[in-house]
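Asker: Got a structure for you, questions after.
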Amino acid sequence: MFDLLPQRIPWYIVGPGLGLLIVALFAVANQPLGASGAYVHTSGLLRRGRDIVVWRVWYFVGMFVGGLLVTRVLTTDNHAIRSGYDSLRGAFPLWAVVPLVFGGATLLGFGAGMAGGCTSGHGLCGTAQRSPASAAVTITFLTTAVITTFALHVATGGSL
Amino acid sequence: MKLNLTGLGIGILFGGLLAGAQLHEYDTIHAMLRLKEADVYLLMASAIAVSAPLLWILERRNHNTLFGGRIALSRSMPQRHHIKGGALFGIGWAVAGTCPAPALVMLSSGALLGLVAIAGIFLGLHLNALAADRAGQEITIGDGEHRELVGAD
């Protein structure tokens, strides 16, 4: 079997591709494609809440399906079920990786809720609309993320 | 219906592009944030470099969107919660090595810890909604999230 896609598509194809996707959703539906909002509407649907925007749930499902198609249908490598987090698992045992990932994800979810968006919402769509708030959020999270990563690097004696 | 199909289609393309660039791998995000490689920064910058001028043109031409009425871009001013939320998001992003959209791709690529990340993101968003509710505040809807449109179907 041959791969329809290379193992990693270069940034100069994916970046402009994402840019065109952002423009397409605005041109068609006048909407940005923030992903954290898709989580909010999906959890709302699961908990039978009110004010659910159903197409945001389809968008949530679509992201999962798109990942599935590219990683498991259009490429032949790495089809085994695995844990993921290769280098984090190299630095910590699994019993520590699970709470680290869960804790980090909870914190980023909390922060995304408070800021009103995440990497896709503020980082890409908001900034592309020339939103000062989105630019401020993006600069802030990039800064704290780099500092945290270097702190982890030092704390693990350089193994991360 | 057509909006649901659009959402599904855009989601598939979005998830597919993220997977293509390996953004669902912890190692990609960690290398980015360790400043070991510039690829993800260039990816984000080129996405904005392509979309910002095109959105500006659509706005200038008062583009009539297919089913969302006249194009309207959102431009809020930064407030305290943007900075606080962004700071917390960045710390969590660095530890978990993923964010909301790539976490879904991580799971669909067969990496089971993606499920742990997705559960955490749901919990974090829920805890923030509870905290906002307790403080009697509205939940923030950022400029990159769903907005209610007047005059759209």
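Scheme for the structure tokens: letters A, B, ... for chains in order shown; per-chain residue numbers from 1; ligand numbers from 1 in order shown.
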Based on DSSP run over this structure's backbone, return all residues of segment 2-143 of chain A in alpha helix (DSSP H), as an NGL selection string.

Answerer: :A and (11-29 or 35-46 or 54-68 or 86-91 or 94-115 or 127-128 or 132-143)

Asker: Let me see the file: selected residues, C-alpha atoms, as an mmCIF file, in the first residue's frame.

Answerer:
data_model
loop_
_atom_site.group_PDB
_atom_site.id
_atom_site.type_symbol
_atom_site.label_atom_id
_atom_site.label_comp_id
_atom_site.auth_asym_id
_atom_site.auth_seq_id
_atom_site.Cartn_x
_atom_site.Cartn_y
_atom_site.Cartn_z
ATOM 1 C CA TRP A 11 3.477 24.264 7.380
ATOM 2 C CA TYR A 12 3.403 26.258 4.126
ATOM 3 C CA ILE A 13 0.579 24.045 2.885
ATOM 4 C CA VAL A 14 -1.369 23.512 6.121
ATOM 5 C CA GLY A 15 -1.103 27.157 7.288
ATOM 6 C CA PRO A 16 -2.549 28.776 4.138
ATOM 7 C CA GLY A 17 -5.045 25.876 3.956
ATOM 8 C CA LEU A 18 -6.316 26.740 7.435
ATOM 9 C CA GLY A 19 -6.408 30.395 6.401
ATOM 10 C CA LEU A 20 -8.644 29.600 3.416
ATOM 11 C CA LEU A 21 -10.860 27.443 5.648
ATOM 12 C CA ILE A 22 -11.344 30.377 8.042
ATOM 13 C CA VAL A 23 -12.288 32.633 5.120
ATOM 14 C CA ALA A 24 -14.602 29.973 3.676
ATOM 15 C CA LEU A 25 -16.639 29.650 6.883
ATOM 16 C CA PHE A 26 -16.973 33.426 7.092
ATOM 17 C CA ALA A 27 -17.918 33.724 3.416
ATOM 18 C CA VAL A 28 -20.542 30.988 3.728
ATOM 19 C CA ALA A 29 -21.963 31.282 7.237
ATOM 20 C CA ALA A 35 -13.074 24.854 18.807
ATOM 21 C CA SER A 36 -13.643 25.474 22.520
ATOM 22 C CA GLY A 37 -17.140 26.742 21.741
ATOM 23 C CA ALA A 38 -17.793 23.439 19.973
ATOM 24 C CA TYR A 39 -16.982 21.690 23.276
ATOM 25 C CA VAL A 40 -19.390 23.975 25.128
ATOM 26 C CA HIS A 41 -22.256 23.187 22.753
ATOM 27 C CA THR A 42 -21.428 19.479 22.686
ATOM 28 C CA SER A 43 -21.426 19.196 26.479
ATOM 29 C CA GLY A 44 -24.622 21.255 26.522
ATOM 30 C CA LEU A 45 -26.259 18.785 24.163
ATOM 31 C CA LEU A 46 -25.093 15.808 26.241
ATOM 32 C CA VAL A 54 -26.448 22.069 16.884
ATOM 33 C CA TRP A 55 -24.162 22.712 13.928
ATOM 34 C CA ARG A 56 -21.315 23.402 16.393
ATOM 35 C CA VAL A 57 -21.788 19.808 17.582
ATOM 36 C CA TRP A 58 -21.487 18.613 13.961
ATOM 37 C CA TYR A 59 -18.337 20.688 13.724
ATOM 38 C CA PHE A 60 -17.034 18.912 16.862
ATOM 39 C CA VAL A 61 -17.790 15.516 15.279
ATOM 40 C CA GLY A 62 -16.209 16.667 12.009
ATOM 41 C CA MET A 63 -12.853 17.464 13.656
ATOM 42 C CA PHE A 64 -12.722 13.929 15.056
ATOM 43 C CA VAL A 65 -13.663 12.397 11.695
ATOM 44 C CA GLY A 66 -11.159 14.553 9.790
ATOM 45 C CA GLY A 67 -8.376 13.403 12.098
ATOM 46 C CA LEU A 68 -9.503 9.812 11.650
ATOM 47 C CA ASP A 86 5.831 9.923 23.548
ATOM 48 C CA SER A 87 8.358 12.295 25.119
ATOM 49 C CA LEU A 88 6.202 13.001 28.201
ATOM 50 C CA ARG A 89 6.043 9.249 28.780
ATOM 51 C CA GLY A 90 9.804 9.126 28.397
ATOM 52 C CA ALA A 91 10.135 11.595 31.275
ATOM 53 C CA LEU A 94 2.190 6.452 33.155
ATOM 54 C CA TRP A 95 0.680 6.890 36.643
ATOM 55 C CA ALA A 96 2.069 10.427 36.625
ATOM 56 C CA VAL A 97 1.339 11.183 32.958
ATOM 57 C CA VAL A 98 -2.413 10.618 33.306
ATOM 58 C CA PRO A 99 -2.964 13.221 36.098
ATOM 59 C CA LEU A 100 -0.528 15.623 34.393
ATOM 60 C CA VAL A 101 -2.454 15.482 31.130
ATOM 61 C CA PHE A 102 -5.814 15.634 32.914
ATOM 62 C CA GLY A 103 -4.731 18.525 35.143
ATOM 63 C CA GLY A 104 -3.198 20.449 32.245
ATOM 64 C CA ALA A 105 -6.271 19.902 30.098
ATOM 65 C CA THR A 106 -8.601 21.016 32.910
ATOM 66 C CA LEU A 107 -6.547 24.173 33.371
ATOM 67 C CA LEU A 108 -6.537 24.955 29.654
ATOM 68 C CA GLY A 109 -10.282 24.330 29.462
ATOM 69 C CA PHE A 110 -10.852 26.662 32.410
ATOM 70 C CA GLY A 111 -8.623 29.314 30.828
ATOM 71 C CA ALA A 112 -10.278 28.951 27.417
ATOM 72 C CA GLY A 113 -13.671 29.417 29.069
ATOM 73 C CA MET A 114 -12.502 32.514 30.918
ATOM 74 C CA ALA A 115 -10.795 34.023 27.857
ATOM 75 C CA THR A 127 -6.592 37.532 15.199
ATOM 76 C CA ALA A 128 -7.541 37.178 11.518
ATOM 77 C CA PRO A 132 -7.380 43.435 19.806
ATOM 78 C CA ALA A 133 -8.785 41.116 22.510
ATOM 79 C CA SER A 134 -7.857 38.002 20.508
ATOM 80 C CA ALA A 135 -4.364 39.335 19.807
ATOM 81 C CA ALA A 136 -3.911 40.027 23.530
ATOM 82 C CA VAL A 137 -5.095 36.529 24.488
ATOM 83 C CA THR A 138 -2.826 34.956 21.870
ATOM 84 C CA ILE A 139 0.288 36.833 22.972
ATOM 85 C CA THR A 140 -0.534 35.988 26.606
ATOM 86 C CA PHE A 141 -1.002 32.249 26.103
ATOM 87 C CA LEU A 142 2.035 31.902 23.860
ATOM 88 C CA THR A 143 4.122 33.648 26.531
#

Asker: If you run DSSP over the backbone, which residues in segment 48-100 of chain B end up strand (DSSP E or B)? Put them as a ChimeraX atom specification.

Answerer: /B:64-65,69-70

Asker: Would you mind reading off the distance between atom CA of Trp56 of chain B and atom CA of Leu43 of chain B, one decimal, in Å?

Answerer: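 Straight-line distance from atom CA of Trp56 of chain B to atom CA of Leu43 of chain B works out to 20.1 Å.
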
Asker: Could you name the residues that touch segment 71-73 of chain A at 9 Å or less, counting only C-alpha atoms, but leaving out those on the same chain fewer than 6 positions away, as a PyMOL selection string?

Answerer: (chain A and resi 4+79) or (chain B and resi 16+19-20+105+108-110)

Asker: With the cut-off set at 12 Å and counting only C-alpha atoms, tabulate each residue of segment 65-131 of chain B with an atom at most that distance from an atom of segment 152-155 of chain A, showing the nearest atom pair and its distance in Å to one decimal, ordered by chain and increasing number, as a Markdown table.

Answerer:
| residue | atom | partner | partner_atom | distance |
| --- | --- | --- | --- | --- |
| B:Ile91 | CA | A:Leu152 | CA | 10.6 |
| B:Ala94 | CA | A:Leu152 | CA | 8.9 |
| B:Val95 | CA | A:Leu152 | CA | 8.1 |
| B:Ala96 | CA | A:Leu152 | CA | 11.6 |
| B:Gly97 | CA | A:Leu152 | CA | 11.8 |

Asker: So which one's closest to Ile57 of chain B, A:Ser83, A:Thr119, A:Thr75, A:Gln129? Using only C-alpha atoms, please.

Answerer: A:Gln129

Asker: Between A:Ser159, A:Pro32, A:Ile147, A:Gly84, which is the closest to Ser51 of chain B once you count only C-alpha atoms?

Answerer: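 Nearest candidate to Ser51 of chain B out of A:Ser159, A:Pro32, A:Ile147, A:Gly84: A:Pro32.
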
Asker: Within 9 Å of His81 of chain B, counting only C-alpha atoms, which residues qualify if same-chain residues fewer than 2 places away don't, as a PDB file with N, CA and C atoms, in the first residue's frame?

Answerer:
ATOM      1  N   MET A 114     -12.631  31.164  30.377  1.00  0.00           N
ATOM      2  CA  MET A 114     -12.502  32.514  30.918  1.00  0.00           C
ATOM      3  C   MET A 114     -12.127  33.520  29.830  1.00  0.00           C
ATOM      4  N   ALA A 115     -11.249  33.111  28.919  1.00  0.00           N
ATOM      5  CA  ALA A 115     -10.795  34.023  27.857  1.00  0.00           C
ATOM      6  C   ALA A 115     -11.786  34.071  26.691  1.00  0.00           C
ATOM      7  N   GLY A 116     -12.719  33.116  26.655  1.00  0.00           N
ATOM      8  CA  GLY A 116     -13.691  33.090  25.567  1.00  0.00           C
ATOM      9  C   GLY A 116     -13.132  32.513  24.283  1.00  0.00           C
TER      10      GLY A 116
ATOM     11  N   PRO B  78      -9.386  44.233  24.669  1.00  0.00           N
ATOM     12  CA  PRO B  78      -8.939  43.310  25.726  1.00  0.00           C
ATOM     13  C   PRO B  78      -9.427  43.750  27.102  1.00  0.00           C
ATOM     14  N   GLN B  79      -9.832  42.768  27.885  1.00  0.00           N
ATOM     15  CA  GLN B  79     -10.239  43.021  29.267  1.00  0.00           C
ATOM     16  C   GLN B  79      -9.449  42.094  30.175  1.00  0.00           C
ATOM     17  N   ILE B  83      -6.828  38.354  29.652  1.00  0.00           N
ATOM     18  CA  ILE B  83      -5.424  38.143  30.023  1.00  0.00           C
ATOM     19  C   ILE B  83      -5.318  36.995  31.034  1.00  0.00           C
ATOM     20  N   LYS B  84      -6.194  37.006  32.055  1.00  0.00           N
ATOM     21  CA  LYS B  84      -6.162  35.933  33.060  1.00  0.00           C
ATOM     22  C   LYS B  84      -6.443  34.579  32.418  1.00  0.00           C
ATOM     23  N   GLY B  85      -7.491  34.535  31.602  1.00  0.00           N
ATOM     24  CA  GLY B  85      -7.859  33.281  30.940  1.00  0.00           C
ATOM     25  C   GLY B  85      -6.768  32.808  29.990  1.00  0.00           C
ATOM     26  N   GLY B  86      -6.215  33.749  29.231  1.00  0.00           N
ATOM     27  CA  GLY B  86      -5.154  33.403  28.293  1.00  0.00           C
ATOM     28  C   GLY B  86      -3.929  32.855  29.012  1.00  0.00           C
ATOM     29  N   THR B 140     -18.068  34.378  28.881  1.00  0.00           N
ATOM     30  CA  THR B 140     -17.443  35.143  27.801  1.00  0.00           C
ATOM     31  C   THR B 140     -17.575  34.416  26.468  1.00  0.00           C
TER      32      THR B 140
END

Asker: Which residues, written as a PDB file with C-alpha atoms, in the first residue's frame, have at least one atom at most 7 Å from Ala103 of chain B, with only C-alpha atoms counted and residues fewer than 2 positions away on the same chain left out?

Answerer:
ATOM      1  CA  HIS B  24      -2.185  16.297  17.521  1.00  0.00           C
ATOM      2  CA  THR B  98      -2.603  19.887  23.252  1.00  0.00           C
ATOM      3  CA  CYS B  99      -5.592  22.182  22.907  1.00  0.00           C
ATOM      4  CA  PRO B 100      -9.300  21.630  22.128  1.00  0.00           C
ATOM      5  CA  ALA B 101      -9.225  20.817  18.392  1.00  0.00           C
ATOM      6  CA  VAL B 105      -7.556  14.424  16.468  1.00  0.00           C
ATOM      7  CA  MET B 106      -5.204  12.889  19.033  1.00  0.00           C
ATOM      8  CA  LEU B 107      -7.941  10.479  20.065  1.00  0.00           C
ATOM      9  CA  GLY B 114      -6.358  12.000  24.028  1.00  0.00           C
ATOM     10  CA  ALA B 117      -7.190  15.414  27.573  1.00  0.00           C
ATOM     11  CA  ILE B 118     -10.703  15.753  26.117  1.00  0.00           C
TER      12      ILE B 118
END

Asker: To one decimal in Å, tell me the separation between atom CA of Ile71 of chain B and atom CA of Asn30 of chain A.

Answerer: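 These atoms are spaced 5.6 Å apart.
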
Asker: Ranking A:Arg82, A:Arg50, A:His122, A:Arg130 by minimum distance to Leu54 of chain B and counting only C-alpha atoms, which one comes first?

Answerer: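 Checking each of A:Arg82, A:Arg50, A:His122, A:Arg130 against Leu54 of chain B, counting only C-alpha atoms, the winner is A:Arg130.
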
Asker: Which of these residues is nearest to chain A, using only C-alpha atoms: B:Leu115, B:Val50, B:Leu23, B:Ala135?

Answerer: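 Of all the options, B:Val50 lies closest to chain A.
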
Asker: Can you tell me how far atom CA of Ser131 of chain A sits from atom CA of Ile48 of chain B, in Å to one decimal?

Answerer: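 It comes out at 12.0 Å.
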
Asker: Taking only C-alpha atoms into account, which of B:Gly11, B:Pro53, B:Gly69, B:Pro102 comes nearest chain A?

Answerer: B:Gly11
